[in-house]
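Worksheet for the structure shown next.
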There are 2 protein chains.
Amino acid sequence: MGDEKRRPGPERAFTDAQVVTVALELLDEGGAEAVSIRRIAARIGVAPNAIYTYFPDKAALLRAVVDRLIGESDTAVLGRAETAWRDRLRTVALDIRGALLAHPGSAALLMGSPIDGPNSLALGEAMLGLLADAGLAPDDAARASYAIIVYVLGAIALEAAEVDQTAAVPSEEERITERRATFAAVPAEHFPLSAASAEVMARYIGTEQFTWGLDRLLDGFERLALGR
Amino acid sequence: MGDEKRRPGPERAFTDAQVVTVALELLDEGGAEAVSIRRIAARIGVAPNAIYTYFPDKAALLRAVVDRLIGESDTAVLGRAETAWRDRLRTVALDIRGALLAHPGSAALLMGSPIDGPNSLALGEAMLGLLADAGLAPDDAARASYAIIVYVLGAIALEAAEVDQTAAVPSEEERITERRATFAAVPAEHFPLSAASAEVMARYIGTEQFTWGLDRLLDGFERLALGR
DNA sequence: TCTATTTCTGTACGGTGTTCAGTGATGCCA
DNA sequence: TGGCATCACTGAACACCGTACAGAAATAGA
């Protein structure tokens, strides 16, 4: 691990970590489409193609950004065995949701590149341990772990799809208010059930809906663990 | 509804439906990034900016494409009351998954624009009716409906993220084989649980995993419907 | 000291979404 | 019937984008 500074050539003017940091800044300021090689380079103070010294192409850069995002959320609670497994899972799921929703446009990145960086692996490992604690057989634990990731990322992606990525993130309450206006226009004669559920549908993109669905999934796991 | 041909100006040389069709062709041939205004216009045989007569910007165009995709899957089975609600839901979920996975890159579009077109509304309405049949209270039915959409779209998005969008879609078995190679490289000393579950993890992107998670979610709904 | 290697720059290519100012065709109204 | 407002589309341009290629400067090891 100690191979510092042994190659020839001039000193590096910046680092790959710095590139990822700047990419995240741009993501926060202007959404996913504001993350461009040229803009990153300009902010670092370097020619655009200098970036290619560190990443083979833009896709690789975005993969690194995704892994940084995953690593940002605090997953330590997953291993804390003194807390009930259900609470630990809920906490981490909410934590990840919060971390990702704080960066508008992060969902677009998540869905655009495979999630297989080191931080993602560590998260998966922690969840496997937790689900084993919950009483699931190893294979079931793995399947359950992926189902949770699917649910969490799906929820975030759908929430993020509605946010204007070029502006600041509105609060949850603001976003719900806007949706209420949308669903008020649903024609009751064609879609009676939807019209009657307009209020609940407006709240689809809220924390309660998120935990409601998560709890149903966890109920399903529990039934499996108890053998019915 | 009968306002055909009353405005001045020359006849339209093409239709918005045609634009969506061509966009889908390009999506199938070259993935999401092949869908460009200029390419669509070229294929129709028209100047690029002529597209702006029909759509205010590219985002609106993509929204129309998304709704077309949703409408492509056969949701008629949702209303067939003689089949058990669980089977109906499973069938439709699998159908949607199939329809979307047939178009590589469609997931990227789905996650990039809100899903509120007419076809999406119709799908939601059908699911509300079905979940009411299952014995859920109206509010719970709405929440359950969204939870399912979250799960289905999340699963598809994660599967699509791994596919090279510029080539033809590989078969499920091919994709799993590729993942097996990836997870064989997981270091067992750092991630023992993950390494032990490598085979299941390789199969995350398969039909069985998809239905496994869906069944857990449906189990959770059932528990709610039975009042425990 | 020489040489191989590495980092970064300048330049360029082919693409993108979108805007703006025309140009001609059309239906409506006086 | 003539005029006119309205519409569909074109040509040209702008400001970007990712990235390939060639070269210059700097450094480490021989």
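Identifiers in this document derive from the order of the structure tokens: chains are assigned A, B, ..., residues are numbered from 1 separately in each chain, and ligands are numbered from 1 in order of occurrence.
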List every residue of chain C that has an atom at most 10 Å from any atom of range 4-20 of chain D, giving for each one its closest atom pair and the distance in Å to one decimal, counting only C-alpha atoms (C1' of nucleotides), sorted by chain and then by ascending residue number, as JSON lines.
```
{"residue": "C:DA12", "atom": "C1'", "partner": "D:DA20", "partner_atom": "C1'", "distance": 8.9}
{"residue": "C:DC13", "atom": "C1'", "partner": "D:DA20", "partner_atom": "C1'", "distance": 8.6}
{"residue": "C:DG15", "atom": "C1'", "partner": "D:DC17", "partner_atom": "C1'", "distance": 7.8}
{"residue": "C:DT16", "atom": "C1'", "partner": "D:DC17", "partner_atom": "C1'", "distance": 6.5}
{"residue": "C:DG17", "atom": "C1'", "partner": "D:DC16", "partner_atom": "C1'", "distance": 8.9}
{"residue": "C:DT18", "atom": "C1'", "partner": "D:DC14", "partner_atom": "C1'", "distance": 8.9}
{"residue": "C:DT19", "atom": "C1'", "partner": "D:DC14", "partner_atom": "C1'", "distance": 8.3}
{"residue": "C:DC20", "atom": "C1'", "partner": "D:DA13", "partner_atom": "C1'", "distance": 8.8}
{"residue": "C:DA21", "atom": "C1'", "partner": "D:DA12", "partner_atom": "C1'", "distance": 9.5}
{"residue": "C:DG22", "atom": "C1'", "partner": "D:DT10", "partner_atom": "C1'", "distance": 8.5}
{"residue": "C:DT23", "atom": "C1'", "partner": "D:DT10", "partner_atom": "C1'", "distance": 8.1}
{"residue": "C:DG24", "atom": "C1'", "partner": "D:DC9", "partner_atom": "C1'", "distance": 9.1}
{"residue": "C:DA25", "atom": "C1'", "partner": "D:DA8", "partner_atom": "C1'", "distance": 8.5}
{"residue": "C:DT26", "atom": "C1'", "partner": "D:DC7", "partner_atom": "C1'", "distance": 8.0}
{"residue": "C:DG27", "atom": "C1'", "partner": "D:DT6", "partner_atom": "C1'", "distance": 8.8}
{"residue": "C:DC28", "atom": "C1'", "partner": "D:DA5", "partner_atom": "C1'", "distance": 8.9}
{"residue": "C:DC29", "atom": "C1'", "partner": "D:DC4", "partner_atom": "C1'", "distance": 9.0}
```
Those selected residues, please, written with C-alpha atoms (C1' of nucleotides) and delivered as a short mmCIF file (atom, residue, chain, number, x, y, z; two decimals), in the first residue's frame.
```
data_model
loop_
_atom_site.label_atom_id
_atom_site.label_comp_id
_atom_site.auth_asym_id
_atom_site.auth_seq_id
_atom_site.Cartn_x
_atom_site.Cartn_y
_atom_site.Cartn_z
"C1'" DA C 12 -9.67 20.05 -33.34
"C1'" DC C 13 -13.72 17.04 -34.66
"C1'" DG C 15 -21.94 15.90 -31.98
"C1'" DT C 16 -25.75 18.19 -28.74
"C1'" DG C 17 -30.20 21.29 -27.34
"C1'" DT C 18 -32.08 25.44 -28.36
"C1'" DT C 19 -32.99 30.29 -30.17
"C1'" DC C 20 -34.07 33.68 -33.67
"C1'" DA C 21 -35.35 35.61 -37.84
"C1'" DG C 22 -37.29 34.62 -41.94
"C1'" DT C 23 -40.59 32.27 -45.69
"C1'" DG C 24 -44.37 30.45 -47.46
"C1'" DA C 25 -48.89 28.17 -46.91
"C1'" DT C 26 -53.40 28.34 -45.02
"C1'" DG C 27 -58.12 29.45 -42.88
"C1'" DC C 28 -60.99 33.18 -41.25
"C1'" DC C 29 -63.22 37.62 -41.60
#
```
Closest atom pairs, chain B residues within 12 Å of chain D, only C-alpha atoms (C1' of nucleotides), as JSON lines:
```
{"residue": "B:Lys5", "atom": "CA", "partner": "D:DC7", "partner_atom": "C1'", "distance": 11.6}
{"residue": "B:Arg6", "atom": "CA", "partner": "D:DC7", "partner_atom": "C1'", "distance": 10.9}
{"residue": "B:Arg7", "atom": "CA", "partner": "D:DC7", "partner_atom": "C1'", "distance": 7.3}
{"residue": "B:Pro8", "atom": "CA", "partner": "D:DT6", "partner_atom": "C1'", "distance": 5.5}
{"residue": "B:Gly9", "atom": "CA", "partner": "D:DC7", "partner_atom": "C1'", "distance": 4.0}
{"residue": "B:Pro10", "atom": "CA", "partner": "D:DA8", "partner_atom": "C1'", "distance": 6.0}
{"residue": "B:Glu11", "atom": "CA", "partner": "D:DA8", "partner_atom": "C1'", "distance": 7.2}
{"residue": "B:Arg12", "atom": "CA", "partner": "D:DA8", "partner_atom": "C1'", "distance": 6.3}
{"residue": "B:Ala13", "atom": "CA", "partner": "D:DA8", "partner_atom": "C1'", "distance": 7.9}
{"residue": "B:Phe14", "atom": "CA", "partner": "D:DA8", "partner_atom": "C1'", "distance": 10.1}
{"residue": "B:Thr15", "atom": "CA", "partner": "D:DA8", "partner_atom": "C1'", "distance": 11.7}
{"residue": "B:Ala41", "atom": "CA", "partner": "D:DC9", "partner_atom": "C1'", "distance": 11.9}
{"residue": "B:Gly45", "atom": "CA", "partner": "D:DC9", "partner_atom": "C1'", "distance": 11.6}
{"residue": "B:Val46", "atom": "CA", "partner": "D:DC9", "partner_atom": "C1'", "distance": 8.2}
{"residue": "B:Ala47", "atom": "CA", "partner": "D:DT10", "partner_atom": "C1'", "distance": 6.7}
{"residue": "B:Pro48", "atom": "CA", "partner": "D:DT10", "partner_atom": "C1'", "distance": 9.5}
{"residue": "B:Asn49", "atom": "CA", "partner": "D:DC9", "partner_atom": "C1'", "distance": 8.4}
{"residue": "B:Ala50", "atom": "CA", "partner": "D:DC9", "partner_atom": "C1'", "distance": 6.0}
{"residue": "B:Ile51", "atom": "CA", "partner": "D:DC9", "partner_atom": "C1'", "distance": 9.5}
{"residue": "B:Tyr52", "atom": "CA", "partner": "D:DC9", "partner_atom": "C1'", "distance": 10.2}
{"residue": "B:Thr53", "atom": "CA", "partner": "D:DA8", "partner_atom": "C1'", "distance": 7.4}
{"residue": "B:Tyr54", "atom": "CA", "partner": "D:DA8", "partner_atom": "C1'", "distance": 10.2}
```
Both chains have the same sequence, so superpose chain B on chain A over all Cα atoms paired in order and return it as a PDB file with C-alpha atoms, in the first residue's frame.
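And here is the file that came out, selection_34.pdb:
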```pdb
ATOM      1  CA  MET B   1      -0.024  -0.489  -0.207  1.00  0.00           C
ATOM      2  CA  GLY B   2       3.000   1.781   0.063  1.00  0.00           C
ATOM      3  CA  ASP B   3       3.661   2.604  -3.568  1.00  0.00           C
ATOM      4  CA  GLU B   4       3.870   6.355  -3.272  1.00  0.00           C
ATOM      5  CA  LYS B   5       5.650   8.334  -5.904  1.00  0.00           C
ATOM      6  CA  ARG B   6       7.657   5.853  -7.887  1.00  0.00           C
ATOM      7  CA  ARG B   7       6.699   6.618 -11.426  1.00  0.00           C
ATOM      8  CA  PRO B   8       8.521   9.084 -13.667  1.00  0.00           C
ATOM      9  CA  GLY B   9       6.926  12.216 -14.983  1.00  0.00           C
ATOM     10  CA  PRO B  10       5.932  15.468 -13.309  1.00  0.00           C
ATOM     11  CA  GLU B  11       3.997  15.616 -10.073  1.00  0.00           C
ATOM     12  CA  ARG B  12       0.260  15.324 -10.373  1.00  0.00           C
ATOM     13  CA  ALA B  13      -1.443  18.668 -10.169  1.00  0.00           C
ATOM     14  CA  PHE B  14      -4.593  17.266  -8.606  1.00  0.00           C
ATOM     15  CA  THR B  15      -6.165  13.984  -7.433  1.00  0.00           C
ATOM     16  CA  ASP B  16      -9.043  11.782  -8.457  1.00  0.00           C
ATOM     17  CA  ALA B  17     -10.678  12.425  -5.082  1.00  0.00           C
ATOM     18  CA  GLN B  18     -10.578  16.125  -5.872  1.00  0.00           C
ATOM     19  CA  VAL B  19     -12.303  15.480  -9.183  1.00  0.00           C
ATOM     20  CA  VAL B  20     -15.086  13.595  -7.411  1.00  0.00           C
ATOM     21  CA  THR B  21     -15.459  16.366  -4.855  1.00  0.00           C
ATOM     22  CA  VAL B  22     -15.777  19.026  -7.524  1.00  0.00           C
ATOM     23  CA  ALA B  23     -18.241  16.852  -9.441  1.00  0.00           C
ATOM     24  CA  LEU B  24     -20.398  16.647  -6.311  1.00  0.00           C
ATOM     25  CA  GLU B  25     -20.240  20.410  -5.894  1.00  0.00           C
ATOM     26  CA  LEU B  26     -21.489  20.872  -9.433  1.00  0.00           C
ATOM     27  CA  LEU B  27     -24.171  18.240  -8.868  1.00  0.00           C
ATOM     28  CA  ASP B  28     -25.452  20.168  -5.879  1.00  0.00           C
ATOM     29  CA  GLU B  29     -25.355  23.497  -7.639  1.00  0.00           C
ATOM     30  CA  GLY B  30     -26.932  22.620 -10.948  1.00  0.00           C
ATOM     31  CA  GLY B  31     -28.183  19.048 -11.014  1.00  0.00           C
ATOM     32  CA  ALA B  32     -26.925  16.087 -12.978  1.00  0.00           C
ATOM     33  CA  GLU B  33     -26.523  17.891 -16.275  1.00  0.00           C
ATOM     34  CA  ALA B  34     -24.247  20.478 -14.697  1.00  0.00           C
ATOM     35  CA  VAL B  35     -21.656  17.788 -14.110  1.00  0.00           C
ATOM     36  CA  SER B  36     -19.471  18.092 -17.184  1.00  0.00           C
ATOM     37  CA  ILE B  37     -15.864  17.243 -17.721  1.00  0.00           C
ATOM     38  CA  ARG B  38     -15.166  20.730 -18.953  1.00  0.00           C
ATOM     39  CA  ARG B  39     -16.731  22.414 -15.961  1.00  0.00           C
ATOM     40  CA  ILE B  40     -14.898  20.165 -13.529  1.00  0.00           C
ATOM     41  CA  ALA B  41     -11.619  20.904 -15.270  1.00  0.00           C
ATOM     42  CA  ALA B  42     -12.274  24.630 -15.317  1.00  0.00           C
ATOM     43  CA  ARG B  43     -12.985  24.663 -11.598  1.00  0.00           C
ATOM     44  CA  ILE B  44      -9.815  22.764 -10.834  1.00  0.00           C
ATOM     45  CA  GLY B  45      -7.935  25.090 -13.112  1.00  0.00           C
ATOM     46  CA  VAL B  46      -6.771  22.620 -15.708  1.00  0.00           C
ATOM     47  CA  ALA B  47      -7.426  21.735 -19.343  1.00  0.00           C
ATOM     48  CA  PRO B  48     -10.501  19.526 -19.897  1.00  0.00           C
ATOM     49  CA  ASN B  49      -8.594  16.555 -21.208  1.00  0.00           C
ATOM     50  CA  ALA B  50      -6.354  16.483 -18.143  1.00  0.00           C
ATOM     51  CA  ILE B  51      -9.250  14.702 -16.425  1.00  0.00           C
ATOM     52  CA  TYR B  52      -8.598  11.722 -18.671  1.00  0.00           C
ATOM     53  CA  THR B  53      -5.382  11.085 -16.816  1.00  0.00           C
ATOM     54  CA  TYR B  54      -7.484   9.893 -13.897  1.00  0.00           C
ATOM     55  CA  PHE B  55     -10.639   8.485 -15.482  1.00  0.00           C
ATOM     56  CA  PRO B  56     -10.903   6.668 -18.807  1.00  0.00           C
ATOM     57  CA  ASP B  57     -14.212   8.354 -19.601  1.00  0.00           C
ATOM     58  CA  LYS B  58     -17.100  10.219 -18.068  1.00  0.00           C
ATOM     59  CA  ALA B  59     -18.967   7.049 -17.108  1.00  0.00           C
ATOM     60  CA  ALA B  60     -16.074   5.947 -14.915  1.00  0.00           C
ATOM     61  CA  LEU B  61     -16.008   9.345 -13.263  1.00  0.00           C
ATOM     62  CA  LEU B  62     -19.724   9.119 -12.518  1.00  0.00           C
ATOM     63  CA  ARG B  63     -19.258   5.656 -11.054  1.00  0.00           C
ATOM     64  CA  ALA B  64     -16.747   7.112  -8.615  1.00  0.00           C
ATOM     65  CA  VAL B  65     -19.181   9.876  -7.715  1.00  0.00           C
ATOM     66  CA  VAL B  66     -21.888   7.300  -7.033  1.00  0.00           C
ATOM     67  CA  ASP B  67     -19.659   5.336  -4.714  1.00  0.00           C
ATOM     68  CA  ARG B  68     -18.746   8.495  -2.842  1.00  0.00           C
ATOM     69  CA  LEU B  69     -22.456   9.194  -2.372  1.00  0.00           C
ATOM     70  CA  ILE B  70     -23.092   5.716  -1.001  1.00  0.00           C
ATOM     71  CA  GLY B  71     -20.207   6.124   1.391  1.00  0.00           C
ATOM     72  CA  GLU B  72     -21.588   9.406   2.668  1.00  0.00           C
ATOM     73  CA  SER B  73     -24.494   7.828   4.496  1.00  0.00           C
ATOM     74  CA  ASP B  74     -23.759   6.484   7.919  1.00  0.00           C
ATOM     75  CA  THR B  75     -24.122   2.725   7.852  1.00  0.00           C
ATOM     76  CA  ALA B  76     -22.455   2.107  11.217  1.00  0.00           C
ATOM     77  CA  VAL B  77     -25.837   1.566  12.829  1.00  0.00           C
ATOM     78  CA  LEU B  78     -26.284  -1.610  10.771  1.00  0.00           C
ATOM     79  CA  GLY B  79     -23.790  -3.429  12.945  1.00  0.00           C
ATOM     80  CA  ARG B  80     -25.083  -2.278  16.325  1.00  0.00           C
ATOM     81  CA  ALA B  81     -26.439  -5.558  17.628  1.00  0.00           C
ATOM     82  CA  GLU B  82     -28.121  -4.142  20.709  1.00  0.00           C
ATOM     83  CA  THR B  83     -30.829  -2.515  18.585  1.00  0.00           C
ATOM     84  CA  ALA B  84     -33.621  -4.554  17.013  1.00  0.00           C
ATOM     85  CA  TRP B  85     -32.815  -5.491  13.397  1.00  0.00           C
ATOM     86  CA  ARG B  86     -35.973  -3.848  12.128  1.00  0.00           C
ATOM     87  CA  ASP B  87     -35.084  -0.512  13.637  1.00  0.00           C
ATOM     88  CA  ARG B  88     -31.546  -0.752  12.376  1.00  0.00           C
ATOM     89  CA  LEU B  89     -32.735  -1.389   8.834  1.00  0.00           C
ATOM     90  CA  ARG B  90     -35.282   1.400   8.956  1.00  0.00           C
ATOM     91  CA  THR B  91     -32.698   3.836  10.262  1.00  0.00           C
ATOM     92  CA  VAL B  92     -30.183   3.038   7.564  1.00  0.00           C
ATOM     93  CA  ALA B  93     -32.777   3.126   4.791  1.00  0.00           C
ATOM     94  CA  LEU B  94     -33.963   6.535   5.941  1.00  0.00           C
ATOM     95  CA  ASP B  95     -30.382   7.673   6.220  1.00  0.00           C
ATOM     96  CA  ILE B  96     -29.531   6.660   2.687  1.00  0.00           C
ATOM     97  CA  ARG B  97     -32.686   8.297   1.418  1.00  0.00           C
ATOM     98  CA  GLY B  98     -31.746  11.508   3.186  1.00  0.00           C
ATOM     99  CA  ALA B  99     -28.193  11.484   1.920  1.00  0.00           C
ATOM    100  CA  LEU B 100     -29.237  10.964  -1.678  1.00  0.00           C
ATOM    101  CA  LEU B 101     -32.180  13.350  -1.700  1.00  0.00           C
ATOM    102  CA  ALA B 102     -29.849  16.049  -0.387  1.00  0.00           C
ATOM    103  CA  HIS B 103     -28.125  15.941  -3.763  1.00  0.00           C
ATOM    104  CA  PRO B 104     -30.652  16.603  -6.500  1.00  0.00           C
ATOM    105  CA  GLY B 105     -29.717  14.618  -9.553  1.00  0.00           C
ATOM    106  CA  SER B 106     -27.826  11.970  -7.650  1.00  0.00           C
ATOM    107  CA  ALA B 107     -30.563   9.482  -8.435  1.00  0.00           C
ATOM    108  CA  ALA B 108     -30.002   9.957 -12.127  1.00  0.00           C
ATOM    109  CA  LEU B 109     -26.365   9.055 -11.604  1.00  0.00           C
ATOM    110  CA  LEU B 110     -27.198   6.068  -9.405  1.00  0.00           C
ATOM    111  CA  MET B 111     -29.451   4.631 -12.047  1.00  0.00           C
ATOM    112  CA  GLY B 112     -26.999   5.309 -14.801  1.00  0.00           C
ATOM    113  CA  SER B 113     -24.039   3.341 -13.595  1.00  0.00           C
ATOM    114  CA  PRO B 114     -23.572   0.005 -11.829  1.00  0.00           C
ATOM    115  CA  ILE B 115     -23.260   0.137  -8.061  1.00  0.00           C
ATOM    116  CA  ASP B 116     -20.213  -1.945  -7.373  1.00  0.00           C
ATOM    117  CA  GLY B 117     -17.717   0.357  -5.718  1.00  0.00           C
ATOM    118  CA  PRO B 118     -16.018  -0.437  -2.393  1.00  0.00           C
ATOM    119  CA  ASN B 119     -18.504   1.542  -0.323  1.00  0.00           C
ATOM    120  CA  SER B 120     -21.397  -0.283  -1.942  1.00  0.00           C
ATOM    121  CA  LEU B 121     -19.790  -3.618  -1.163  1.00  0.00           C
ATOM    122  CA  ALA B 122     -19.349  -2.638   2.463  1.00  0.00           C
ATOM    123  CA  LEU B 123     -22.993  -1.638   2.696  1.00  0.00           C
ATOM    124  CA  GLY B 124     -24.062  -4.987   1.254  1.00  0.00           C
ATOM    125  CA  GLU B 125     -21.873  -6.880   3.669  1.00  0.00           C
ATOM    126  CA  ALA B 126     -23.349  -5.043   6.658  1.00  0.00           C
ATOM    127  CA  MET B 127     -26.868  -5.751   5.480  1.00  0.00           C
ATOM    128  CA  LEU B 128     -26.144  -9.442   5.047  1.00  0.00           C
ATOM    129  CA  GLY B 129     -24.970  -9.640   8.625  1.00  0.00           C
ATOM    130  CA  LEU B 130     -28.013  -7.832   9.888  1.00  0.00           C
ATOM    131  CA  LEU B 131     -30.470  -9.996   8.007  1.00  0.00           C
ATOM    132  CA  ALA B 132     -28.728 -13.099   9.294  1.00  0.00           C
ATOM    133  CA  ASP B 133     -29.334 -11.696  12.784  1.00  0.00           C
ATOM    134  CA  ALA B 134     -32.976 -11.376  11.804  1.00  0.00           C
ATOM    135  CA  GLY B 135     -33.094 -15.135  11.333  1.00  0.00           C
ATOM    136  CA  LEU B 136     -32.942 -15.401   7.550  1.00  0.00           C
ATOM    137  CA  ALA B 137     -31.030 -18.199   5.861  1.00  0.00           C
ATOM    138  CA  PRO B 138     -27.945 -16.931   3.965  1.00  0.00           C
ATOM    139  CA  ASP B 139     -29.544 -17.123   0.519  1.00  0.00           C
ATOM    140  CA  ASP B 140     -32.686 -15.415   1.731  1.00  0.00           C
ATOM    141  CA  ALA B 141     -30.623 -12.763   3.462  1.00  0.00           C
ATOM    142  CA  ALA B 142     -28.881 -11.966   0.193  1.00  0.00           C
ATOM    143  CA  ARG B 143     -32.168 -11.780  -1.697  1.00  0.00           C
ATOM    144  CA  ALA B 144     -33.706  -9.636   1.015  1.00  0.00           C
ATOM    145  CA  SER B 145     -30.717  -7.325   0.967  1.00  0.00           C
ATOM    146  CA  TYR B 146     -31.101  -6.702  -2.728  1.00  0.00           C
ATOM    147  CA  ALA B 147     -34.865  -6.272  -2.422  1.00  0.00           C
ATOM    148  CA  ILE B 148     -34.292  -3.503   0.091  1.00  0.00           C
ATOM    149  CA  ILE B 149     -31.785  -1.761  -2.138  1.00  0.00           C
ATOM    150  CA  VAL B 150     -34.214  -2.005  -5.020  1.00  0.00           C
ATOM    151  CA  TYR B 151     -36.963  -0.478  -2.939  1.00  0.00           C
ATOM    152  CA  VAL B 152     -34.850   2.316  -1.489  1.00  0.00           C
ATOM    153  CA  LEU B 153     -33.251   3.338  -4.769  1.00  0.00           C
ATOM    154  CA  GLY B 154     -36.531   3.020  -6.645  1.00  0.00           C
ATOM    155  CA  ALA B 155     -38.252   5.310  -4.175  1.00  0.00           C
ATOM    156  CA  ILE B 156     -35.485   7.867  -4.358  1.00  0.00           C
ATOM    157  CA  ALA B 157     -35.378   7.764  -8.128  1.00  0.00           C
ATOM    158  CA  LEU B 158     -39.101   8.360  -8.446  1.00  0.00           C
ATOM    159  CA  GLU B 159     -38.935  11.224  -5.990  1.00  0.00           C
ATOM    160  CA  ALA B 160     -35.965  12.784  -7.725  1.00  0.00           C
ATOM    161  CA  ALA B 161     -37.611  12.492 -11.136  1.00  0.00           C
ATOM    162  CA  GLU B 162     -40.074  15.178 -10.132  1.00  0.00           C
ATOM    163  CA  VAL B 163     -37.565  17.673  -8.847  1.00  0.00           C
ATOM    164  CA  ASP B 164     -36.295  20.450 -11.062  1.00  0.00           C
ATOM    165  CA  GLN B 165     -32.650  19.659 -10.959  1.00  0.00           C
ATOM    166  CA  THR B 166     -31.393  23.085 -11.827  1.00  0.00           C
ATOM    167  CA  ALA B 167     -32.842  24.736  -8.746  1.00  0.00           C
ATOM    168  CA  ALA B 168     -32.472  24.195  -5.028  1.00  0.00           C
ATOM    169  CA  VAL B 169     -34.270  21.162  -3.577  1.00  0.00           C
ATOM    170  CA  PRO B 170     -37.722  22.179  -2.341  1.00  0.00           C
ATOM    171  CA  SER B 171     -38.852  20.881   1.026  1.00  0.00           C
ATOM    172  CA  GLU B 172     -40.905  17.718   1.208  1.00  0.00           C
ATOM    173  CA  GLU B 173     -44.003  19.715   2.112  1.00  0.00           C
ATOM    174  CA  GLU B 174     -43.570  22.009  -0.883  1.00  0.00           C
ATOM    175  CA  ARG B 175     -43.205  19.099  -3.233  1.00  0.00           C
ATOM    176  CA  ILE B 176     -46.331  17.463  -1.837  1.00  0.00           C
ATOM    177  CA  THR B 177     -48.327  20.660  -2.248  1.00  0.00           C
ATOM    178  CA  GLU B 178     -47.320  20.791  -5.883  1.00  0.00           C
ATOM    179  CA  ARG B 179     -48.417  17.212  -6.427  1.00  0.00           C
ATOM    180  CA  ARG B 180     -51.743  17.916  -4.764  1.00  0.00           C
ATOM    181  CA  ALA B 181     -52.418  20.463  -7.477  1.00  0.00           C
ATOM    182  CA  THR B 182     -51.509  17.907 -10.157  1.00  0.00           C
ATOM    183  CA  PHE B 183     -53.797  15.186  -8.869  1.00  0.00           C
ATOM    184  CA  ALA B 184     -56.698  17.533  -8.243  1.00  0.00           C
ATOM    185  CA  ALA B 185     -56.985  17.635 -12.023  1.00  0.00           C
ATOM    186  CA  VAL B 186     -57.541  13.885 -12.399  1.00  0.00           C
ATOM    187  CA  PRO B 187     -60.930  13.376 -14.065  1.00  0.00           C
ATOM    188  CA  ALA B 188     -63.130  11.513 -11.603  1.00  0.00           C
ATOM    189  CA  GLU B 189     -65.361  10.098 -14.319  1.00  0.00           C
ATOM    190  CA  HIS B 190     -62.519   8.192 -15.968  1.00  0.00           C
ATOM    191  CA  PHE B 191     -60.403   7.426 -12.912  1.00  0.00           C
ATOM    192  CA  PRO B 192     -62.737   7.340  -9.898  1.00  0.00           C
ATOM    193  CA  LEU B 193     -60.440   5.406  -7.606  1.00  0.00           C
ATOM    194  CA  SER B 194     -57.453   7.611  -8.393  1.00  0.00           C
ATOM    195  CA  ALA B 195     -59.482  10.763  -7.891  1.00  0.00           C
ATOM    196  CA  ALA B 196     -60.669   9.495  -4.507  1.00  0.00           C
ATOM    197  CA  SER B 197     -57.110   8.727  -3.460  1.00  0.00           C
ATOM    198  CA  ALA B 198     -55.654  12.015  -4.655  1.00  0.00           C
ATOM    199  CA  GLU B 199     -54.548  13.088  -1.208  1.00  0.00           C
ATOM    200  CA  VAL B 200     -52.633   9.861  -0.563  1.00  0.00           C
ATOM    201  CA  MET B 201     -51.129  10.029  -4.023  1.00  0.00           C
ATOM    202  CA  ALA B 202     -49.891  13.540  -3.404  1.00  0.00           C
ATOM    203  CA  ARG B 203     -48.052  12.145  -0.392  1.00  0.00           C
ATOM    204  CA  TYR B 204     -46.367   9.324  -2.347  1.00  0.00           C
ATOM    205  CA  ILE B 205     -43.131  11.244  -2.281  1.00  0.00           C
ATOM    206  CA  GLY B 206     -43.017  11.645   1.493  1.00  0.00           C
ATOM    207  CA  THR B 207     -41.264   9.958   4.374  1.00  0.00           C
ATOM    208  CA  GLU B 208     -44.423   8.213   5.612  1.00  0.00           C
ATOM    209  CA  GLN B 209     -45.065   6.532   2.292  1.00  0.00           C
ATOM    210  CA  PHE B 210     -41.417   5.507   2.151  1.00  0.00           C
ATOM    211  CA  THR B 211     -41.495   3.811   5.544  1.00  0.00           C
ATOM    212  CA  TRP B 212     -44.947   2.342   4.911  1.00  0.00           C
ATOM    213  CA  GLY B 213     -43.694   0.394   1.916  1.00  0.00           C
ATOM    214  CA  LEU B 214     -40.465  -0.506   3.645  1.00  0.00           C
ATOM    215  CA  ASP B 215     -42.451  -1.910   6.575  1.00  0.00           C
ATOM    216  CA  ARG B 216     -44.510  -4.098   4.260  1.00  0.00           C
ATOM    217  CA  LEU B 217     -41.289  -5.477   2.809  1.00  0.00           C
ATOM    218  CA  LEU B 218     -39.876  -6.103   6.279  1.00  0.00           C
ATOM    219  CA  ASP B 219     -43.134  -7.798   7.270  1.00  0.00           C
ATOM    220  CA  GLY B 220     -42.598 -10.126   4.358  1.00  0.00           C
ATOM    221  CA  PHE B 221     -39.075 -10.907   5.562  1.00  0.00           C
ATOM    222  CA  GLU B 222     -40.316 -11.548   9.070  1.00  0.00           C
ATOM    223  CA  ARG B 223     -42.853 -14.032   7.868  1.00  0.00           C
ATOM    224  CA  LEU B 224     -40.051 -15.860   6.118  1.00  0.00           C
ATOM    225  CA  ALA B 225     -37.844 -15.788   9.209  1.00  0.00           C
ATOM    226  CA  LEU B 226     -40.620 -17.143  11.415  1.00  0.00           C
ATOM    227  CA  GLY B 227     -41.365 -19.884   8.926  1.00  0.00           C
ATOM    228  CA  ARG B 228     -44.841 -18.419   8.578  1.00  0.00           C
TER     229      ARG B 228
END
```
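Of the residues under consideration (C:DA30, C:DT3, C:DG14, C:DC8), C:DC8 shows the shortest atom-to-atom contact distance to chain A when counting only C-alpha atoms (C1' of nucleotides).
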Residues of chain C at most 12 Å from chain A: nearest atom pair and distance in Å, only C-alpha atoms (C1' of nucleotides), as a tab-separated table:
```
residue	atom	partner	partner_atom	distance
C:DT3	C1'	A:Pro8	CA	11.3
C:DA4	C1'	A:Pro8	CA	8.5
C:DT5	C1'	A:Pro8	CA	5.6
C:DT6	C1'	A:Gly9	CA	4.2
C:DT7	C1'	A:Pro10	CA	5.9
C:DC8	C1'	A:Ala50	CA	5.9
C:DT9	C1'	A:Ala47	CA	6.6
C:DG10	C1'	A:Ala47	CA	9.3
C:DT11	C1'	A:Asn49	CA	11.5
```
